[in-house]
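Next comes entry_36.txt, with compact mmCIF, C-alpha atoms.
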# COMPACT_ATOMS: atom_id res chain seq x y z
CA MET J 37 -3.35 7.79 -7.96
CA SER J 38 -2.88 4.93 -5.55
CA HIS J 39 -0.48 3.24 -8.03
CA SER J 40 2.12 5.94 -7.26
CA LEU J 41 2.30 5.05 -3.58
CA PRO J 42 5.44 3.30 -2.31
CA ALA J 43 5.43 -0.28 -1.06
CA THR J 44 7.28 0.66 2.13
CA MET J 45 7.50 3.61 4.50
CA ARG J 46 9.52 4.86 7.45
CA ALA J 47 7.98 4.28 10.86
CA GLN J 48 9.00 4.48 14.50
CA THR J 49 8.94 0.93 15.85
CA ILE J 50 9.37 -0.16 19.46
CA GLU J 51 12.47 -2.20 20.26
CA ASN J 52 13.67 -2.82 23.82
CA LYS J 53 11.49 0.01 25.15
CA THR J 54 13.08 2.45 22.69
CA LEU J 55 11.74 3.97 19.49
CA SER J 56 13.64 2.92 16.38
CA LEU J 57 13.15 4.34 12.87
CA LYS J 58 12.71 1.44 10.44
CA GLU J 59 11.47 0.72 6.94
CA VAL J 60 8.19 -1.21 7.11
CA ALA J 61 5.41 -2.22 4.73
CA LEU J 62 2.77 0.32 3.79
CA PRO J 63 -0.43 -0.42 5.76
CA GLU J 64 -3.40 -1.91 3.94
CA ILE J 65 -6.85 -0.42 4.37
CA GLY J 66 -10.17 -2.18 4.91
CA LYS J 67 -13.77 -1.24 4.31
CA GLY J 68 -14.57 2.31 5.40
CA GLU J 69 -10.92 3.19 5.97
CA VAL J 70 -8.60 5.76 4.44
CA LEU J 71 -4.83 5.86 4.04
CA ILE J 72 -3.36 9.16 5.23
CA LYS J 73 0.00 10.53 4.11
CA VAL J 74 1.06 11.86 7.49
CA ASP J 75 2.32 15.41 7.98
CA CYS J 76 2.49 15.39 11.78
CA ALA J 77 1.66 13.11 14.70
CA GLY J 78 0.79 14.10 18.26
CA ILE J 79 2.68 12.65 21.24
CA ASN J 80 0.52 11.33 24.08
CA ARG J 81 1.03 9.63 27.45
CA PRO J 82 -0.35 6.30 26.16
CA ASP J 83 2.49 6.30 23.61
CA ILE J 84 4.98 6.42 26.49
CA LEU J 85 3.25 3.52 28.21
CA GLN J 86 3.14 1.52 24.97
CA ARG J 87 6.86 2.05 24.42
CA GLN J 88 7.50 0.85 27.98
CA GLY J 89 5.49 -2.33 27.33
CA LEU J 90 2.66 -1.30 29.68
CA TYR J 91 -0.07 -0.47 27.15
CA PRO J 92 -0.05 -2.89 24.21
CA ALA J 93 -2.09 -2.18 21.11
CA PRO J 94 -5.52 -3.86 21.08
CA GLN J 95 -5.75 -7.01 19.01
CA GLY J 96 -6.06 -6.33 15.30
CA HIS J 97 -4.67 -2.78 15.51
CA SER J 98 -1.28 -1.50 14.36
CA PRO J 99 1.54 -2.28 16.80
CA LEU J 100 3.18 1.02 15.90
CA PRO J 101 2.69 3.90 18.37
CA GLY J 102 0.83 7.10 17.55
CA LEU J 103 -2.82 7.90 18.28
CA GLU J 104 -3.38 11.09 16.27
CA VAL J 105 -2.20 12.49 12.96
CA SER J 106 -2.73 15.23 10.41
CA GLY J 107 -2.21 14.80 6.69
CA THR J 108 -3.76 14.10 3.30
CA VAL J 109 -5.99 11.21 2.26
CA VAL J 110 -4.16 9.32 -0.52
CA ARG J 111 -6.21 6.14 -0.75
CA THR J 112 -9.79 5.23 0.13
CA ALA J 113 -11.77 2.02 0.52
CA ASP J 114 -15.45 1.34 -0.07
CA GLY J 115 -17.58 3.11 2.50
CA SER J 116 -15.15 5.94 3.17
CA ILE J 117 -16.71 9.31 3.98
CA PHE J 118 -13.61 11.18 2.72
CA LYS J 119 -12.03 11.28 -0.73
CA THR J 120 -8.48 11.31 -2.06
CA GLY J 121 -6.89 14.70 -1.59
CA ASP J 122 -8.88 15.68 1.50
CA ARG J 123 -6.87 17.34 4.28
CA VAL J 124 -7.76 15.72 7.59
CA CYS J 125 -6.74 15.14 11.16
CA ALA J 126 -7.61 11.79 12.70
CA LEU J 127 -7.84 9.78 15.88
CA THR J 128 -5.99 6.61 14.95
CA ASN J 129 -6.16 3.12 16.40
CA GLY J 130 -2.36 3.10 16.37
CA GLY J 131 0.29 3.58 13.71
CA GLY J 132 0.56 7.36 13.76
CA TYR J 133 4.36 7.50 14.05
CA ALA J 134 4.74 6.65 10.37
CA GLU J 135 4.77 8.25 6.93
CA TYR J 136 1.40 6.64 6.14
CA CYS J 137 -1.40 5.61 8.50
CA ALA J 138 -4.60 3.61 7.96
CA VAL J 139 -7.60 5.07 9.83
CA PRO J 140 -11.36 4.47 9.89
CA SER J 141 -12.75 7.39 7.90
CA THR J 142 -15.35 8.03 10.62
CA GLN J 143 -12.48 8.97 12.97
CA CYS J 144 -11.23 11.66 10.60
CA LEU J 145 -12.20 15.31 10.75
CA PRO J 146 -11.45 18.14 8.31
CA ILE J 147 -8.54 20.34 9.32
CA PRO J 148 -10.00 23.63 10.61
CA SER J 149 -9.40 26.64 8.36
CA GLY J 150 -6.06 28.29 8.99
CA PHE J 151 -4.68 25.47 11.12
CA SER J 152 -1.13 24.30 10.50
CA PRO J 153 -0.37 20.56 10.24
CA GLU J 154 1.22 20.79 13.70
CA GLN J 155 -1.89 22.36 15.22
CA ALA J 156 -4.19 19.88 13.48
CA ALA J 157 -2.20 16.88 14.75
CA ALA J 158 -2.58 18.21 18.30
CA LEU J 159 -6.38 18.09 18.19
CA PRO J 160 -7.83 14.55 18.00
CA GLU J 161 -6.62 12.61 21.04
CA THR J 162 -7.23 15.32 23.61
CA PHE J 163 -10.45 16.68 22.12
CA PHE J 164 -11.99 13.20 21.72
CA THR J 165 -10.94 12.32 25.30
CA VAL J 166 -12.14 15.53 26.93
CA TRP J 167 -15.42 15.62 25.02
CA THR J 168 -16.44 12.04 25.77
CA ASN J 169 -15.54 12.29 29.45
CA LEU J 170 -16.72 15.77 30.38
CA PHE J 171 -19.75 16.03 28.12
CA ASP J 172 -20.90 12.46 27.40
CA ARG J 173 -20.08 10.80 30.72
CA CYS J 174 -20.25 13.70 33.18
CA HIS J 175 -22.92 15.78 31.38
CA LEU J 176 -21.17 19.09 31.98
CA LYS J 177 -23.57 22.04 31.99
CA ALA J 178 -23.07 25.79 31.87
CA GLY J 179 -22.57 27.29 35.33
CA GLU J 180 -21.04 24.17 36.86
CA ARG J 181 -17.69 24.14 38.60
CA ILE J 182 -15.01 21.79 37.34
CA LEU J 183 -11.57 20.89 38.70
CA VAL J 184 -8.99 19.73 36.16
CA HIS J 185 -5.88 18.09 37.55
CA GLY J 186 -2.74 18.56 35.48
CA GLY J 187 -3.98 21.74 33.85
CA THR J 188 -1.00 22.24 31.52
CA SER J 189 -1.00 18.77 30.00
CA GLY J 190 -2.49 18.29 26.55
CA ILE J 191 -5.67 17.02 28.21
CA GLY J 192 -5.61 19.81 30.77
CA THR J 193 -5.19 22.71 28.35
CA THR J 194 -7.97 21.26 26.20
CA ALA J 195 -10.31 20.69 29.16
CA ILE J 196 -9.83 24.23 30.50
CA GLN J 197 -10.69 25.74 27.12
CA LEU J 198 -13.59 23.44 26.25
CA ALA J 199 -15.27 23.63 29.65
CA SER J 200 -14.88 27.42 29.72
CA ALA J 201 -16.25 27.74 26.17
CA PHE J 202 -19.39 25.89 27.25
CA GLY J 203 -19.98 28.08 30.28
CA ALA J 204 -18.33 26.19 33.15
CA GLU J 205 -16.11 27.69 35.86
CA VAL J 206 -12.77 25.90 35.70
CA PHE J 207 -10.23 25.41 38.48
CA THR J 208 -7.01 23.48 38.15
CA THR J 209 -3.84 22.11 39.69
CA ALA J 210 -0.39 22.41 38.13
CA GLY J 211 3.21 21.81 39.15
CA SER J 212 4.78 25.28 39.06
CA GLU J 213 3.92 28.96 39.24
CA GLU J 214 4.60 29.28 35.51
CA LYS J 215 2.16 26.45 34.80
CA CYS J 216 -0.46 27.95 37.09
CA GLN J 217 -0.20 31.26 35.23
CA ALA J 218 -0.59 29.42 31.92
CA CYS J 219 -3.82 27.84 33.23
CA LEU J 220 -5.18 31.23 34.23
CA LYS J 221 -4.42 32.64 30.77
CA LEU J 222 -6.39 29.77 29.23
CA GLY J 223 -9.46 30.66 31.30
CA ALA J 224 -9.11 28.92 34.66
CA LYS J 225 -10.55 30.88 37.60
CA ALA J 226 -7.85 29.67 39.99
CA ALA J 227 -4.85 27.35 39.86
CA ILE J 228 -3.16 25.64 42.81
CA ASN J 229 0.53 24.66 42.65
CA TYR J 230 0.33 21.12 44.05
CA ARG J 231 4.10 21.05 44.66
CA GLU J 232 3.80 23.99 47.06
CA GLU J 233 0.55 23.23 48.87
CA ASP J 234 -1.98 20.47 49.39
CA PHE J 235 -4.72 21.17 46.88
CA GLU J 236 -7.54 19.84 49.09
CA PRO J 237 -7.33 22.40 51.92
CA ALA J 238 -6.28 25.07 49.41
CA PHE J 239 -9.51 24.67 47.47
CA LYS J 240 -11.64 24.23 50.58
CA THR J 241 -10.53 27.62 51.88
CA LEU J 242 -10.64 29.29 48.48
CA GLU J 243 -12.97 32.29 48.38
CA GLN J 244 -14.08 34.10 45.28
CA LEU J 245 -15.20 37.69 44.96
CA ASN J 246 -18.84 37.96 44.02
CA GLU J 247 -18.20 40.96 41.76
CA PRO J 248 -21.70 42.52 41.63
CA LYS J 249 -21.94 42.80 45.43
CA GLY J 250 -18.32 42.68 46.47
CA ASP J 251 -19.15 39.88 48.90
CA ARG J 252 -16.93 36.87 49.48
CA LEU J 253 -18.36 33.40 48.89
CA ARG J 254 -17.11 30.25 50.54
CA PHE J 255 -15.99 27.39 48.33
CA ARG J 256 -18.94 25.05 47.78
CA GLY J 257 -17.33 22.05 46.08
CA PHE J 258 -16.85 20.93 42.50
CA ASP J 259 -19.55 19.51 40.28
CA ILE J 260 -17.00 17.61 38.17
CA ILE J 261 -13.38 16.60 38.77
CA LEU J 262 -11.30 15.34 35.83
CA ASP J 263 -8.38 13.34 37.22
CA MET J 264 -5.45 11.65 35.50
CA VAL J 265 -3.42 11.11 38.69
CA GLY J 266 -5.40 8.69 40.87
CA GLY J 267 -3.70 7.23 43.93
CA ASP J 268 -4.08 9.46 47.00
CA TYR J 269 -5.85 12.07 44.89
CA ILE J 270 -8.99 9.90 44.76
CA PRO J 271 -10.17 10.28 48.40
CA LYS J 272 -9.30 13.98 48.27
CA ASN J 273 -11.38 14.31 45.13
CA LEU J 274 -14.42 12.76 46.79
CA ARG J 275 -14.11 15.15 49.72
CA LEU J 276 -13.93 18.08 47.29
CA LEU J 277 -16.94 17.04 45.22
CA ALA J 278 -20.24 18.82 45.74
CA VAL J 279 -23.62 17.15 46.13
CA GLU J 280 -24.35 15.19 42.91
CA GLY J 281 -20.67 15.67 41.97
CA ARG J 282 -19.00 13.46 39.38
CA LEU J 283 -15.42 12.20 39.56
CA CYS J 284 -14.04 11.11 36.19
CA MET J 285 -10.83 9.07 36.01
CA ILE J 286 -8.92 9.04 32.72
CA ALA J 287 -5.45 7.88 33.85
CA PHE J 288 -3.57 6.74 36.94
CA LEU J 289 -0.15 8.41 36.95
CA GLY J 290 -0.16 8.10 40.75
CA GLY J 291 -1.58 4.57 40.91
CA SER J 292 -4.95 2.92 40.36
CA THR J 293 -5.67 1.92 43.95
CA ALA J 294 -6.75 3.98 46.96
CA GLU J 295 -8.40 3.57 50.36
CA LEU J 296 -11.76 5.32 50.28
CA ASP J 297 -14.43 6.34 52.75
CA LEU J 298 -17.47 5.92 50.54
CA MET J 299 -19.68 7.70 53.05
CA HIS J 300 -18.97 10.92 51.10
CA LEU J 301 -20.24 9.27 47.95
CA MET J 302 -23.43 8.04 49.60
CA LEU J 303 -24.32 11.18 51.55
CA LYS J 304 -23.61 13.51 48.63
CA ARG J 305 -25.00 11.18 45.92
CA GLN J 306 -21.70 11.31 44.06
CA THR J 307 -20.67 9.36 40.97
CA ILE J 308 -17.29 7.86 40.08
CA THR J 309 -16.81 7.11 36.41
CA GLY J 310 -14.01 6.94 33.87
CA SER J 311 -13.03 5.61 30.49
CA THR J 312 -10.22 4.78 28.12
CA LEU J 313 -10.48 5.74 24.48
CA ARG J 314 -8.23 3.43 22.49
CA ALA J 315 -10.03 0.15 23.19
CA ARG J 316 -13.51 1.48 22.43
CA PRO J 317 -15.23 0.26 19.25
CA ASP J 318 -14.82 2.33 16.10
CA GLN J 319 -18.58 2.99 16.10
CA GLU J 320 -18.34 4.76 19.47
CA LYS J 321 -15.39 6.85 18.32
CA ALA J 322 -17.41 7.80 15.22
CA VAL J 323 -20.17 9.18 17.46
CA ILE J 324 -17.64 11.31 19.34
CA ALA J 325 -16.21 12.57 16.03
CA ARG J 326 -19.67 13.67 14.86
CA SER J 327 -20.29 15.52 18.13
CA LEU J 328 -16.95 17.30 17.83
CA HIS J 329 -17.63 18.26 14.21
CA GLU J 330 -21.02 19.68 15.15
CA ARG J 331 -20.29 21.32 18.50
CA VAL J 332 -16.55 22.05 18.68
CA TRP J 333 -15.18 22.45 15.15
CA PRO J 334 -17.13 25.71 14.65
CA LEU J 335 -15.40 27.13 17.74
CA LEU J 336 -12.00 26.15 16.31
CA GLU J 337 -12.91 27.74 12.99
CA GLN J 338 -13.92 30.94 14.81
CA GLY J 339 -10.65 31.09 16.76
CA LYS J 340 -12.39 30.60 20.11
CA LEU J 341 -10.38 27.43 20.85
CA ALA J 342 -6.90 26.33 19.81
CA PRO J 343 -4.49 23.60 20.89
CA VAL J 344 -1.56 24.78 22.99
CA LEU J 345 1.63 23.71 21.22
CA ASN J 346 4.79 23.28 23.25
CA ARG J 347 7.37 21.93 20.81
CA THR J 348 7.64 20.16 17.47
CA PHE J 349 10.35 17.53 16.93
CA PRO J 350 11.70 16.10 13.66
CA PHE J 351 10.56 12.54 12.93
CA GLU J 352 14.05 11.24 13.70
CA GLN J 353 13.91 12.66 17.25
CA ALA J 354 10.91 10.74 18.54
CA ASN J 355 12.85 9.47 21.57
CA GLU J 356 13.74 13.05 22.52
CA ALA J 357 10.05 13.96 22.21
CA HIS J 358 9.16 11.14 24.58
CA ALA J 359 11.85 12.26 27.01
CA LEU J 360 10.34 15.75 27.10
CA MET J 361 6.89 14.36 27.84
CA GLU J 362 8.26 12.10 30.58
CA SER J 363 9.96 15.13 32.19
CA SER J 364 6.55 16.81 32.62
CA SER J 365 8.27 20.15 32.08
CA HIS J 366 6.18 21.00 29.01
CA ILE J 367 3.02 23.09 28.75
CA GLY J 368 0.61 21.81 26.11
CA LYS J 369 1.14 19.42 23.22
CA ILE J 370 4.29 17.86 21.77
CA VAL J 371 4.23 17.01 18.06
CA LEU J 372 6.35 15.01 15.62
CA LYS J 373 6.83 16.48 12.13
CA ILE J 374 6.87 13.50 9.80
CA GLY J 375 6.25 14.62 6.22
CA GLU J 376 5.90 17.70 4.09
CA GLN J 377 2.47 19.22 3.64
CA THR J 378 0.80 18.20 0.40
CA PRO J 379 -0.20 21.30 -1.61
CA GLN J 380 -3.95 21.78 -1.65
CA LYS J 381 -5.76 21.53 -4.96
CA THR J 382 -6.89 24.80 -6.51

Would it be possible to restate this file's structure as structure tokens?
Amino acid sequence: MSHSLPATMRAQTIENKTLSLKEVALPEIGKGEVLIKVDCAGINRPDILQRQGLYPAPQGHSPLPGLEVSGTVVRTADGSIFKTGDRVCALTNGGGYAEYCAVPSTQCLPIPSGFSPEQAAALPETFFTVWTNLFDRCHLKAGERILVHGGTSGIGTTAIQLASAFGAEVFTTAGSEEKCQACLKLGAKAAINYREEDFEPAFKTLEQLNEPKGDRLRFRGFDIILDMVGGDYIPKNLRLLAVEGRLCMIAFLGGSTAELDLMHLMLKRQTITGSTLRARPDQEKAVIARSLHERVWPLLEQGKLAPVLNRTFPFEQANEAHALMESSSHIGKIVLKIGEQTPQKT
């Protein structure tokens, strides 16, 4: 059926820091890859940075933006673990803002039962990121306390749900009362509005009811802090971490430098770690995909987890979608609707 595919496709290209819908050549696929006819693509912060010229695509990867898609496999290469006609969502290496996208098949996952194309496109980037940082790097365990900064972002809403599902107590910061309430509904134990109060003293004085006895317990520190802000949050994070606490950096919206007193780290045996996802080898992303399929996809299938969708934009309104993300007024994921869903075979 590959002979029926067009030679060109529509794609959002980057020109003068603006997205521009153009006709471009259909991507070719290499060994182990699949070509996906894209239904929807998720919008992510790295896409904003790429459009601004601050986060170029790694060498050898598509220069088009877009790090996650949902759709139908329409072409396969030798070594692919999916077949033509399979409905998948995928973590891409770029190129998601297009009608067709080439992806290593090991970075594809089956669309969970009952999920819409919009929901499926909202899964890969945040679930891959949260899983590899909280579970692979920080070794999150049931009963631990975790602080998630930016609780209503795509990463934040995913982290609250995933950590809670695996038995952690989740706390968060957010930028409005509405956002704090959204975090609580997702499973957070407490949410601090960082625009109204300094989160460090707020959490240090936070007391929780110990329900069986009715006693009040003093805040004892966080075992893990997931931070995408950086800047002056970093020293505050270290002061909030418990003994053996782990600080994980995944972005630096507030800057990548800070003045630190590392005495906290030494006395409390703390760890600072972090990672980016896009530049990692395909083999490492494949390992994350397998973990998600084994540990997380059953929870999605059972309705115990679901992406929080904020708004879906038509393909032609990609710039408006970026503007919404840059405003930080959204709660959850923003998605581009690119193509029509291919009917499933019966």

Counting all atoms listed in the file, which residue out of J:Lys272, J:Lys119, J:Arg282, J:His329 sits closest to Arg305 (chain J)?
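Checking each of J:Lys272, J:Lys119, J:Arg282, J:His329 against Arg305 (chain J), counting all atoms listed in the file, the winner is J:Arg282.
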
Pick the closest to Cys137 (chain J) from J:Ile374, J:Ile79, J:Leu85, J:Val344: which is it, counting all atoms listed in the file?
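Under the stated criterion, the closest residue is J:Ile374.
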
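The closest residue to Arg256 (chain J), picked from J:Glu59, J:Glu135, J:Glu180, J:Glu295 and counting only C-alpha atoms, is J:Glu180.
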
Test item: residues at most 12 Å from Val74 (chain J), all atoms listed in the file, excluding those fewer than 6 positions along its chain, as a ChimeraX atom specification:
/J:45-47,102,104-110,123-126,128,131-139,153-154,156-157,351,372-378

Using Å and a single decimal, report how far CA of Cys174 (chain J) sits from CA of Leu198 (chain J).
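Between CA of Leu198 (chain J) and CA of Cys174 (chain J) the gap works out to 13.7 Å.
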
Write out as a Markdown table the residues of region 153-197 of chain J that have any atom within 9 Å of an atom of region 309-323 of chain J, one row each with the nearest atom pair and its distance in Å to one decimal, counting only C-alpha atoms, sorted by chain and then rising number.
| residue | atom | partner | partner_atom | distance |
| --- | --- | --- | --- | --- |
| J:Glu161 | CA | J:Leu313 | CA | 8.6 |
| J:Phe164 | CA | J:Lys321 | CA | 8.0 |
| J:Thr165 | CA | J:Leu313 | CA | 6.6 |
| J:Thr168 | CA | J:Ser311 | CA | 8.7 |
| J:Asn169 | CA | J:Gly310 | CA | 7.1 |
| J:Arg173 | CA | J:Thr309 | CA | 7.5 |
| J:Cys174 | CA | J:Thr309 | CA | 8.1 |

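Of the residues listed (J:Gly266, J:Pro101, J:Pro237, J:Gly96), J:Pro101 shows the shortest atom-to-atom separation from Leu57 (chain J); distances use all atoms listed in the file.
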
Taking all atoms listed in the file into account, which of J:Gly192, J:Pro140, J:Pro350, J:Gly267 comes nearest Cys216 (chain J)?
J:Gly192

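The nearest approach to Cys284 (chain J) among the residues J:Val184, J:Leu55, J:Ala224, J:Leu242, with only C-alpha atoms taken into account, belongs to J:Val184.
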
Need to verify the contact set: Ala218 (chain J), 12 Å, all atoms listed in the file, exclusion of same-chain residues closer than 5 positions in sequence. Can you return it as a list in words?
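Neighbouring residues, sequence-local ones excluded: Gly186, Gly187, Thr188, Ser189, Gly192, Thr193, Ile196, Gln197, Thr208, Thr209, Ala210, Gly211, Ser212, Glu213, Gly223, Ala224, Lys225, Ala226, Ala227, Ile228, Asn229, Val344, Asn346, His366, Ile367 and Gly368 of chain J.
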
Point (-25.6, 26.7, 26.3) neighbourhood (12 Å, only C-alpha atoms) written as a PyMOL selection string
chain J and resi 176-180+199-204+331

Written selection (C-alpha atoms) as a PDB file, in the coordinates of the input:
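This is the output file part_12.pdb:
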ATOM      1  CA  LEU J 176     -21.170  19.090  31.980  1.00  0.00           C
ATOM      2  CA  LYS J 177     -23.570  22.040  31.990  1.00  0.00           C
ATOM      3  CA  ALA J 178     -23.070  25.790  31.870  1.00  0.00           C
ATOM      4  CA  GLY J 179     -22.570  27.290  35.330  1.00  0.00           C
ATOM      5  CA  GLU J 180     -21.040  24.170  36.860  1.00  0.00           C
ATOM      6  CA  ALA J 199     -15.270  23.630  29.650  1.00  0.00           C
ATOM      7  CA  SER J 200     -14.880  27.420  29.720  1.00  0.00           C
ATOM      8  CA  ALA J 201     -16.250  27.740  26.170  1.00  0.00           C
ATOM      9  CA  PHE J 202     -19.390  25.890  27.250  1.00  0.00           C
ATOM     10  CA  GLY J 203     -19.980  28.080  30.280  1.00  0.00           C
ATOM     11  CA  ALA J 204     -18.330  26.190  33.150  1.00  0.00           C
ATOM     12  CA  ARG J 331     -20.290  21.320  18.500  1.00  0.00           C
TER      13      ARG J 331
END

In Å, how far is it from CA of Leu276 (chain J) to CA of Ala294 (chain J)?
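Interatomic distance here is 15.8 Å.
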
Expressed in Å, the length from CA of Val60 (chain J) to CA of Ser40 (chain J) is 17.2 Å

Could you name the residues that touch Ser56 (chain J) at 10 Å or less, counting only C-alpha atoms, but leaving out those on the same chain fewer than 5 positions away, as a PyMOL selection string?
chain J and resi 47-51+352-355
